[in-house]
file target.cif (mmCIF, C-alpha atoms and all ligand atoms)
data_data
loop_
_atom_site.group_PDB
_atom_site.id
_atom_site.type_symbol
_atom_site.label_atom_id
_atom_site.label_comp_id
_atom_site.auth_asym_id
_atom_site.auth_seq_id
_atom_site.Cartn_x
_atom_site.Cartn_y
_atom_site.Cartn_z
ATOM 1 C CA MET I 11 25.314 9.587 33.265
ATOM 2 C CA SER I 12 24.207 6.428 31.374
ATOM 3 C CA ASP I 13 22.839 6.743 27.817
ATOM 4 C CA ILE I 14 20.580 3.696 28.318
ATOM 5 C CA PRO I 15 16.891 4.730 28.132
ATOM 6 C CA VAL I 16 14.987 4.185 31.357
ATOM 7 C CA THR I 17 12.727 1.667 29.597
ATOM 8 C CA GLN I 18 15.696 -0.631 28.949
ATOM 9 C CA LEU I 19 16.828 -0.807 32.560
ATOM 10 C CA GLY I 20 14.601 -3.797 33.396
ATOM 11 C CA ARG I 21 11.156 -2.632 34.344
ATOM 12 C CA THR I 22 8.496 -4.648 36.047
ATOM 13 C CA LEU I 23 5.412 -4.422 33.868
ATOM 14 C CA HIS I 24 1.970 -4.452 35.459
ATOM 15 C CA LEU I 25 -0.524 -5.862 32.983
ATOM 16 C CA GLN I 26 -4.106 -5.294 34.011
ATOM 17 C CA ILE I 27 -6.230 -7.633 31.912
ATOM 18 C CA LEU I 28 -10.011 -7.759 31.561
ATOM 19 C CA ARG I 29 -11.005 -11.333 32.352
ATOM 20 C CA HIS I 30 -14.383 -12.865 31.509
ATOM 21 C CA ASN I 31 -15.670 -16.176 30.246
ATOM 22 C CA PRO I 32 -19.132 -15.563 28.731
ATOM 23 C CA ARG I 33 -19.838 -19.318 28.633
ATOM 24 C CA ASP I 34 -19.457 -19.640 32.404
ATOM 25 C CA PRO I 35 -22.622 -18.381 34.143
ATOM 26 C CA ASP I 36 -20.582 -17.693 37.299
ATOM 27 C CA SER I 37 -18.008 -15.545 35.505
ATOM 28 C CA GLU I 38 -18.147 -11.811 36.237
ATOM 29 C CA PRO I 39 -16.007 -9.401 34.168
ATOM 30 C CA ARG I 40 -13.052 -8.342 36.304
ATOM 31 C CA LEU I 41 -9.614 -6.800 35.969
ATOM 32 C CA GLN I 42 -6.702 -9.011 36.987
ATOM 33 C CA THR I 43 -3.152 -7.714 37.295
ATOM 34 C CA PHE I 44 -0.080 -9.743 36.358
ATOM 35 C CA GLU I 45 3.535 -8.710 36.796
ATOM 36 C CA VAL I 46 6.118 -9.508 34.132
ATOM 37 C CA GLU I 47 9.809 -8.627 34.010
ATOM 38 C CA GLU I 48 10.364 -6.708 30.798
ATOM 39 C CA ALA I 49 12.869 -8.212 28.374
ATOM 40 C CA ASP I 50 14.676 -6.579 25.501
ATOM 41 C CA ALA I 51 12.452 -6.163 22.406
ATOM 42 C CA MET I 52 9.506 -7.661 24.281
ATOM 43 C CA THR I 53 6.163 -7.486 22.501
ATOM 44 C CA LEU I 54 2.782 -7.784 24.172
ATOM 45 C CA PHE I 55 2.545 -11.215 22.547
ATOM 46 C CA ILE I 56 5.682 -12.321 24.432
ATOM 47 C CA ALA I 57 4.443 -10.809 27.702
ATOM 48 C CA LEU I 58 1.047 -12.525 27.386
ATOM 49 C CA SER I 59 2.645 -15.843 26.430
ATOM 50 C CA GLU I 60 4.859 -15.613 29.497
ATOM 51 C CA ILE I 61 1.823 -14.996 31.701
ATOM 52 C CA ARG I 62 0.031 -17.983 30.165
ATOM 53 C CA GLU I 63 3.080 -20.239 30.507
ATOM 54 C CA LYS I 64 4.170 -19.265 34.002
ATOM 55 C CA GLN I 65 1.231 -17.723 35.816
ATOM 56 C CA ASP I 66 -2.185 -18.573 34.408
ATOM 57 C CA PRO I 67 -2.714 -21.195 31.661
ATOM 58 C CA SER I 68 -6.399 -20.240 31.454
ATOM 59 C CA LEU I 69 -5.695 -16.765 29.996
ATOM 60 C CA GLN I 70 -7.322 -16.522 26.559
ATOM 61 C CA PHE I 71 -5.892 -14.489 23.673
ATOM 62 C CA ASP I 72 -5.369 -15.103 19.950
ATOM 63 C CA PHE I 73 -2.190 -15.240 17.911
ATOM 64 C CA VAL I 74 -1.239 -17.022 14.712
ATOM 65 C CA CYS I 75 1.495 -15.291 12.725
ATOM 66 C CA ARG I 76 3.164 -13.015 15.303
ATOM 67 C CA ALA I 77 4.138 -10.802 12.366
ATOM 68 C CA GLY I 78 1.218 -8.428 11.774
ATOM 69 C CA ILE I 79 -0.164 -10.556 8.927
ATOM 70 C CA CYS I 80 -3.010 -12.753 10.203
ATOM 71 C CA GLY I 81 -4.957 -10.018 12.028
ATOM 72 C CA SER I 82 -5.897 -12.260 14.954
ATOM 73 C CA CYS I 83 -4.216 -10.433 17.857
ATOM 74 C CA GLY I 84 -6.174 -7.165 17.880
ATOM 75 C CA MET I 85 -7.030 -5.898 21.352
ATOM 76 C CA ILE I 86 -7.528 -2.645 23.248
ATOM 77 C CA ILE I 87 -4.130 -1.558 24.536
ATOM 78 C CA ASN I 88 -4.312 1.301 27.036
ATOM 79 C CA GLY I 89 -7.585 2.404 25.473
ATOM 80 C CA ARG I 90 -6.554 2.146 21.808
ATOM 81 C CA PRO I 91 -7.083 -0.745 19.395
ATOM 82 C CA GLY I 92 -3.843 -2.308 18.169
ATOM 83 C CA LEU I 93 -2.044 -5.513 17.279
ATOM 84 C CA ALA I 94 -0.435 -7.111 20.319
ATOM 85 C CA CYS I 95 2.222 -8.881 18.253
ATOM 86 C CA ARG I 96 3.413 -5.574 16.767
ATOM 87 C CA THR I 97 3.358 -3.606 20.004
ATOM 88 C CA LEU I 98 6.652 -3.313 21.855
ATOM 89 C CA THR I 99 6.320 -2.976 25.599
ATOM 90 C CA ARG I 100 9.106 -0.381 25.610
ATOM 91 C CA ASP I 101 6.714 1.960 23.762
ATOM 92 C CA LEU I 102 4.197 1.678 26.606
ATOM 93 C CA PRO I 103 4.211 2.837 30.231
ATOM 94 C CA ASP I 104 4.868 0.148 32.842
ATOM 95 C CA HIS I 105 1.154 -0.045 33.695
ATOM 96 C CA ILE I 106 -0.656 -1.574 30.732
ATOM 97 C CA THR I 107 -4.382 -2.217 30.502
ATOM 98 C CA LEU I 108 -5.648 -4.802 28.018
ATOM 99 C CA ALA I 109 -9.252 -5.454 26.998
ATOM 100 C CA PRO I 110 -10.931 -7.347 24.153
ATOM 101 C CA LEU I 111 -11.976 -5.479 21.009
ATOM 102 C CA PRO I 112 -15.579 -4.238 21.352
ATOM 103 C CA ALA I 113 -18.189 -4.857 18.618
ATOM 104 C CA PHE I 114 -17.126 -8.505 18.217
ATOM 105 C CA GLU I 115 -18.445 -11.603 19.980
ATOM 106 C CA LEU I 116 -16.360 -12.299 23.067
ATOM 107 C CA ILE I 117 -14.884 -15.788 23.223
ATOM 108 C CA GLY I 118 -13.091 -15.186 26.504
ATOM 109 C CA ASP I 119 -10.686 -12.662 28.102
ATOM 110 C CA LEU I 120 -8.854 -11.005 25.159
ATOM 111 C CA SER I 121 -10.133 -13.411 22.502
ATOM 112 C CA VAL I 122 -12.959 -12.249 20.208
ATOM 113 C CA ASP I 123 -14.565 -13.791 17.132
ATOM 114 C CA THR I 124 -13.584 -11.308 14.412
ATOM 115 C CA GLY I 125 -13.887 -14.116 11.842
ATOM 116 C CA LYS I 126 -17.644 -14.425 12.359
ATOM 117 C CA TRP I 127 -18.120 -10.655 12.001
ATOM 118 C CA MET I 128 -15.927 -10.491 8.887
ATOM 119 C CA ARG I 129 -17.720 -13.465 7.295
ATOM 120 C CA GLY I 130 -21.116 -11.832 7.924
ATOM 121 C CA MET I 131 -19.903 -8.533 6.461
ATOM 122 C CA SER I 132 -18.386 -10.283 3.464
ATOM 123 C CA GLU I 133 -21.559 -12.261 2.724
ATOM 124 C CA HIS I 134 -23.735 -9.183 3.172
ATOM 125 C CA LEU I 135 -21.586 -6.983 0.897
ATOM 126 C CA GLU I 136 -20.724 -9.836 -1.497
ATOM 127 C CA THR I 137 -17.037 -9.031 -1.396
ATOM 128 C CA TRP I 138 -15.881 -11.074 -4.332
ATOM 129 C CA VAL I 139 -15.451 -10.338 -8.041
ATOM 130 C CA HIS I 140 -18.813 -10.717 -9.794
ATOM 131 C CA SER I 141 -18.065 -11.728 -13.356
ATOM 132 C CA GLN I 142 -19.841 -14.089 -15.726
ATOM 133 C CA GLY I 143 -16.618 -14.357 -17.674
ATOM 134 C CA LEU I 144 -14.616 -15.441 -14.636
ATOM 135 C CA GLU I 145 -17.216 -18.008 -13.634
ATOM 136 C CA GLN I 146 -17.088 -19.663 -17.038
ATOM 137 C CA ALA I 147 -13.363 -19.200 -17.635
ATOM 138 C CA ASP I 148 -11.071 -22.123 -18.177
ATOM 139 C CA ILE I 149 -8.717 -22.234 -15.212
ATOM 140 C CA ASP I 150 -5.729 -22.195 -17.578
ATOM 141 C CA SER I 151 -6.919 -19.229 -19.612
ATOM 142 C CA LEU I 152 -5.131 -15.935 -19.117
ATOM 143 C CA GLU I 153 -6.838 -13.033 -17.389
ATOM 144 C CA GLU I 154 -6.989 -9.782 -19.287
ATOM 145 C CA SER I 155 -4.050 -7.630 -18.310
ATOM 146 C CA MET I 156 -4.588 -4.648 -16.038
ATOM 147 C CA GLU I 157 -2.828 -1.286 -15.979
ATOM 148 C CA PRO I 158 -0.003 -1.491 -13.417
ATOM 149 C CA GLU I 159 -1.253 1.673 -11.654
ATOM 150 C CA LEU I 160 -4.695 0.118 -11.187
ATOM 151 C CA ALA I 161 -3.230 -3.207 -10.056
ATOM 152 C CA GLU I 162 -1.145 -1.249 -7.537
ATOM 153 C CA GLN I 163 -4.261 0.586 -6.321
ATOM 154 C CA LEU I 164 -6.131 -2.711 -5.816
ATOM 155 C CA TYR I 165 -3.127 -4.261 -4.096
ATOM 156 C CA GLU I 166 -2.978 -1.302 -1.713
ATOM 157 C CA LEU I 167 -6.614 -1.864 -0.658
ATOM 158 C CA GLU I 168 -6.026 -5.614 -0.325
ATOM 159 C CA ARG I 169 -3.384 -5.083 2.357
ATOM 160 C CA CYS I 170 -6.231 -5.184 4.922
ATOM 161 C CA ILE I 171 -5.663 -8.078 7.345
ATOM 162 C CA GLU I 172 -9.220 -7.985 8.780
ATOM 163 C CA CYS I 173 -7.926 -7.358 12.296
ATOM 164 C CA GLY I 174 -11.038 -5.399 13.337
ATOM 165 C CA CYS I 175 -9.142 -2.432 14.812
ATOM 166 C CA CYS I 176 -11.008 0.018 12.552
ATOM 167 C CA VAL I 177 -14.364 -1.372 13.699
ATOM 168 C CA ALA I 178 -13.335 -1.203 17.362
ATOM 169 C CA ALA I 179 -12.210 2.415 16.875
ATOM 170 C CA CYS I 180 -15.433 3.543 15.179
ATOM 171 C CA GLY I 181 -18.252 5.224 17.124
ATOM 172 C CA THR I 182 -20.817 4.326 14.461
ATOM 173 C CA ALA I 183 -19.871 0.634 14.654
ATOM 174 C CA GLN I 184 -20.409 0.727 18.437
ATOM 175 C CA MET I 185 -23.899 2.187 17.958
ATOM 176 C CA ARG I 186 -25.041 0.187 14.920
ATOM 177 C CA GLU I 187 -24.552 -3.569 14.834
ATOM 178 C CA ASP I 188 -25.274 -3.604 11.105
ATOM 179 C CA PHE I 189 -22.670 -0.958 10.165
ATOM 180 C CA SER I 190 -20.281 -2.311 7.526
ATOM 181 C CA GLY I 191 -17.335 -0.527 9.082
ATOM 182 C CA ALA I 192 -14.341 0.937 7.327
ATOM 183 C CA VAL I 193 -13.143 -2.589 6.545
ATOM 184 C CA GLY I 194 -16.344 -3.355 4.596
ATOM 185 C CA LEU I 195 -16.448 0.008 2.824
ATOM 186 C CA ASN I 196 -12.788 -0.413 1.907
ATOM 187 C CA GLN I 197 -13.615 -3.756 0.315
ATOM 188 C CA ILE I 198 -16.499 -2.296 -1.667
ATOM 189 C CA THR I 199 -14.177 0.395 -3.000
ATOM 190 C CA ARG I 200 -11.749 -2.334 -4.010
ATOM 191 C CA PHE I 201 -14.379 -4.240 -6.046
ATOM 192 C CA GLN I 202 -15.824 -1.063 -7.506
ATOM 193 C CA LEU I 203 -12.390 -0.228 -8.927
ATOM 194 C CA ASP I 204 -11.829 -3.740 -10.282
ATOM 195 C CA PRO I 205 -12.609 -3.800 -14.043
ATOM 196 C CA ARG I 206 -13.343 -7.542 -13.837
ATOM 197 C CA ASP I 207 -16.293 -6.882 -11.506
ATOM 198 C CA GLU I 208 -19.394 -6.389 -13.647
ATOM 199 C CA ARG I 209 -21.511 -4.793 -10.929
ATOM 200 C CA SER I 210 -22.710 -1.259 -11.640
ATOM 201 C CA ASP I 211 -22.669 1.701 -9.253
ATOM 202 C CA ALA I 212 -26.423 1.104 -8.845
ATOM 203 C CA ASP I 213 -25.650 -2.460 -7.651
ATOM 204 C CA PHE I 214 -23.103 -1.138 -5.171
ATOM 205 C CA TYR I 215 -25.634 1.470 -4.056
ATOM 206 C CA GLN I 216 -28.004 -1.363 -3.096
ATOM 207 C CA LEU I 217 -25.261 -2.723 -0.845
ATOM 208 C CA VAL I 218 -23.808 0.390 0.818
ATOM 209 C CA GLY I 219 -25.981 3.371 -0.167
ATOM 210 C CA ASN I 220 -27.626 3.481 3.253
ATOM 211 C CA ASP I 221 -27.009 4.260 6.932
ATOM 212 C CA ALA I 222 -25.562 0.809 7.561
ATOM 213 C CA GLY I 223 -23.106 1.600 4.795
ATOM 214 C CA VAL I 224 -21.408 4.693 3.508
ATOM 215 C CA PHE I 225 -24.026 7.194 4.758
ATOM 216 C CA GLY I 226 -23.670 5.900 8.335
ATOM 217 C CA CYS I 227 -20.046 7.014 8.468
ATOM 218 C CA MET I 228 -19.790 10.227 10.497
ATOM 219 C CA THR I 229 -16.163 10.874 9.464
ATOM 220 C CA LEU I 230 -14.930 10.164 12.977
ATOM 221 C CA LEU I 231 -11.559 9.086 11.513
ATOM 222 C CA GLY I 232 -10.745 6.598 14.288
ATOM 223 C CA CYS I 233 -10.591 3.857 11.670
ATOM 224 C CA GLU I 234 -7.758 5.469 9.749
ATOM 225 C CA ASP I 235 -5.910 6.551 12.904
ATOM 226 C CA MET I 236 -5.936 3.011 14.304
ATOM 227 C CA CYS I 237 -5.431 0.915 11.171
ATOM 228 C CA PRO I 238 -2.164 -0.990 11.717
ATOM 229 C CA LYS I 239 -1.689 -1.248 7.951
ATOM 230 C CA ASP I 240 -2.028 2.537 7.499
ATOM 231 C CA LEU I 241 -4.776 2.183 4.912
ATOM 232 C CA PRO I 242 -6.249 5.508 3.722
ATOM 233 C CA LEU I 243 -9.693 4.525 4.976
ATOM 234 C CA ALA I 244 -11.272 7.967 5.365
ATOM 235 C CA THR I 245 -10.163 8.931 1.845
ATOM 236 C CA GLN I 246 -11.645 5.710 0.448
ATOM 237 C CA ILE I 247 -14.922 6.267 2.276
ATOM 238 C CA ALA I 248 -15.123 9.866 0.986
ATOM 239 C CA PHE I 249 -14.505 8.574 -2.565
ATOM 240 C CA LEU I 250 -17.191 5.915 -2.201
ATOM 241 C CA ARG I 251 -19.645 8.397 -0.707
ATOM 242 C CA ARG I 252 -19.199 10.722 -3.693
ATOM 243 C CA ARG I 253 -19.880 7.829 -6.096
ATOM 244 C CA MET I 254 -22.964 6.782 -4.152
ATOM 245 C CA VAL I 255 -24.337 10.331 -3.954
ATOM 246 C CA ALA I 256 -24.046 10.527 -7.740
ATOM 247 C CA VAL I 257 -26.237 7.397 -8.078
ATOM 248 C CA ARG I 258 -28.877 8.571 -5.619
HETATM 249 FE FE1 LIG I 301 -7.522 -3.877 10.277
HETATM 250 FE FE2 LIG I 301 -7.047 -1.718 8.738
HETATM 251 FE FE3 LIG I 301 -8.271 -3.856 7.718
HETATM 252 FE FE4 LIG I 301 -9.535 -2.304 9.461
HETATM 253 S S1 LIG I 301 -8.886 -1.730 7.398
HETATM 254 S S2 LIG I 301 -9.541 -4.525 9.457
HETATM 255 S S3 LIG I 301 -7.875 -1.716 10.825
HETATM 256 S S4 LIG I 301 -6.190 -3.756 8.501
HETATM 257 FE FE1 LIG I 302 -16.194 5.224 11.651
HETATM 258 FE FE2 LIG I 302 -14.070 5.726 10.203
HETATM 259 FE FE3 LIG I 302 -16.404 6.670 9.471
HETATM 260 S S1 LIG I 302 -14.188 5.772 12.404
HETATM 261 S S2 LIG I 302 -17.472 6.975 11.362
HETATM 262 S S3 LIG I 302 -15.871 4.522 9.579
HETATM 263 S S4 LIG I 302 -14.424 7.688 9.250
HETATM 264 FE FE1 LIG I 303 -0.976 -12.281 13.425
HETATM 265 FE FE2 LIG I 303 -0.647 -10.471 15.352
HETATM 266 S S1 LIG I 303 -0.525 -12.617 15.530
HETATM 267 S S2 LIG I 303 -1.303 -10.140 13.317
#

call {"tool": "encode", "arguments": {"input": "target.cif", "output": "structure tokens"}}
result
Amino acid sequence: MSDIPVTQLGRTLHLQILRHNPRDPDSEPRLQTFEVEEADAMTLFIALSEIREKQDPSLQFDFVCRAGICGSCGMIINGRPGLACRTLTRDLPDHITLAPLPAFELIGDLSVDTGKWMRGMSEHLETWVHSQGLEQADIDSLEESMEPELAEQLYELERCIECGCCVAACGTAQMREDFSGAVGLNQITRFQLDPRDERSDADFYQLVGNDAGVFGCMTLLGCEDMCPKDLPLATQIAFLRRRMVAVR
């Protein structure tokens, strides 16, 4: 008997894709199935590119880096948010359903505007270092050094690629348009830990001490389960909630 796994014997993949163009008044959301011959080490990015090249050039989806870095290829893959460029077809059954991430503005088919959502969140939560010193600093002057452990902690939180998978996986984000999501709360934690940021806990409370922020989180944990960068989102939210409760 052969040792070759069944998935490597050349399957025909059936990709059922949710198609819709919200700018076309005649467009109705519908599922369309495409067949693709599976290749070795095929990712969903490769399968979708093949469909666009050989079967339907109008298929819309987003990719930039193809390496899990830019965060643009998030989509719902068999009911779960994930990055298409990091998903191997051999890890999926031969019937694959793809849909756009919910909670974001649909551009068309699998393409959503996560950038607009992230920009709005960032402006609302002011996700940048607030420091008089930094604003006035000479560009050549040296920053004060930081403990390596703290720098490591900040770096860990900065690994977020703003893909939107945590927002798509969150029940609160589906119910509340204004919810900051795990991505936003993660960023607040990052700036709260940063010694260069002069904002107080009371300032952060103004931003996230409410139901659109940390008190809206119902600990559903989908964010952490679905984060492709394995960020400890639920732990960060619990930490932030404790800090905010202390201010209240
Ligand atoms: Fe994506 Fe994780 Fe960042 Fe959420 S926290 S946007 S899932 S990388
Ligand atoms: Fe949503 Fe994550 Fe909280 S899934 S409810 S932000 S723990
Ligand atoms: Fe950049 Fe997938 S294409 S993360």

call {"tool": "residues_around", "arguments": {"input": "target.cif", "residues": "Gln246 in chain I", "least_positions_apart": "5", "cutoff": "12 Å", "atoms": "all atoms listed in the file", "output": "VMD selection string"}}
result
chain I and resid 163 to 164 166 to 167 192 to 200 202 to 203 224 227 229 231 233 to 234 241 251 to 253

call {"tool": "write_last_selection", "arguments": {"input": "target.cif", "atoms": "C-alpha atoms", "output": "CSV table (one decimal), in the coordinates of the input"}}
result
chain,number,residue,atom,x,y,z
I,163,GLN,CA,-4.3,0.6,-6.3
I,164,LEU,CA,-6.1,-2.7,-5.8
I,166,GLU,CA,-3.0,-1.3,-1.7
I,167,LEU,CA,-6.6,-1.9,-0.7
I,192,ALA,CA,-14.3,0.9,7.3
I,193,VAL,CA,-13.1,-2.6,6.5
I,194,GLY,CA,-16.3,-3.4,4.6
I,195,LEU,CA,-16.4,0.0,2.8
I,196,ASN,CA,-12.8,-0.4,1.9
I,197,GLN,CA,-13.6,-3.8,0.3
I,198,ILE,CA,-16.5,-2.3,-1.7
I,199,THR,CA,-14.2,0.4,-3.0
I,200,ARG,CA,-11.7,-2.3,-4.0
I,202,GLN,CA,-15.8,-1.1,-7.5
I,203,LEU,CA,-12.4,-0.2,-8.9
I,224,VAL,CA,-21.4,4.7,3.5
I,227,CYS,CA,-20.0,7.0,8.5
I,229,THR,CA,-16.2,10.9,9.5
I,231,LEU,CA,-11.6,9.1,11.5
I,233,CYS,CA,-10.6,3.9,11.7
I,234,GLU,CA,-7.8,5.5,9.7
I,241,LEU,CA,-4.8,2.2,4.9
I,251,ARG,CA,-19.6,8.4,-0.7
I,252,ARG,CA,-19.2,10.7,-3.7
I,253,ARG,CA,-19.9,7.8,-6.1

call {"tool": "atom_distance", "arguments": {"input": "target.cif", "atom1": "CA of Thr53 in chain I", "atom2": "CA of Cys95 in chain I"}}
result
6.0 Å

call {"tool": "resolve_selection", "arguments": {"input": "target.cif", "expression": "the PyMOL selection byres (((chain I and resi 25-33) around 8) and not hetatm)", "output": "ChimeraX atom specification"}}
result
/I:23-24,34-35,37-46,69,105-110,116-120

call {"tool": "residues_around", "arguments": {"input": "target.cif", "residues": "Phe73 in chain I", "least_positions_apart": "2", "cutoff": "10 Å", "atoms": "only C-alpha atoms", "output": "VMD selection string"}}
result
chain I and resid 55 59 71 75 to 78 80 to 84 93 to 95 121

call {"tool": "atom_distance", "arguments": {"input": "target.cif", "atom1": "CA of Leu58 in chain I", "atom2": "CA of Met236 in chain I"}}
result
21.5 Å

call {"tool": "closest_residue", "arguments": {"input": "target.cif", "among": "I:Ala222, I:Leu102, I:Met254, I:Ala248", "to": "Ser190 in chain I", "atoms": "only C-alpha atoms"}}
result
I:Ala222

call {"tool": "atom_distance", "arguments": {"input": "target.cif", "atom1": "CA of Glu172 in chain I", "atom2": "CA of Tyr215 in chain I"}}
result
22.9 Å

call {"tool": "resolve_selection", "arguments": {"input": "target.cif", "expression": "the PyMOL selection byres (((chain I and resi 113) around 9) and not hetatm)", "output": "number ranges by chain"}}
result
I: 111-112, 114-116, 124, 127, 174, 177-178, 183-184, 187

call {"tool": "closest_residue", "arguments": {"input": "target.cif", "among": "I:Phe214, I:Trp138, I:Phe249, I:Tyr165", "to": "ligand LIG 302 (chain I)", "atoms": "all atoms listed in the file"}}
result
I:Phe249

call {"tool": "closest_residue", "arguments": {"input": "target.cif", "among": "I:Asp221, I:Asp72, I:Asp207, I:Asp50", "to": "ligand LIG 303 (chain I)", "atoms": "only C-alpha atoms and all ligand atoms"}}
result
I:Asp72

call {"tool": "closest_residue", "arguments": {"input": "target.cif", "among": "I:Cys176, I:Val218, I:Met128, I:Met156", "to": "ligand LIG 301 (chain I)", "atoms": "only C-alpha atoms and all ligand atoms"}}
result
I:Cys176

call {"tool": "axis_aligned_box", "arguments": {"input": "target.cif", "around": "range 65-73 of chain I", "padding_each_side": "3 Å", "output": "AutoDock Vina command-line options"}}
result
--center_x -3.0 --center_y -17.8 --center_z 26.9 --size_x 14.6 --size_y 12.7 --size_z 23.9

call {"tool": "residues_near_point", "arguments": {"input": "target.cif", "point": "(-20.3, 4.8, 10.9)", "cutoff": "7 Å", "atoms": "all atoms listed in the file", "output": "ChimeraX atom specification"}}
result
/I:180-183,189,191,226-228
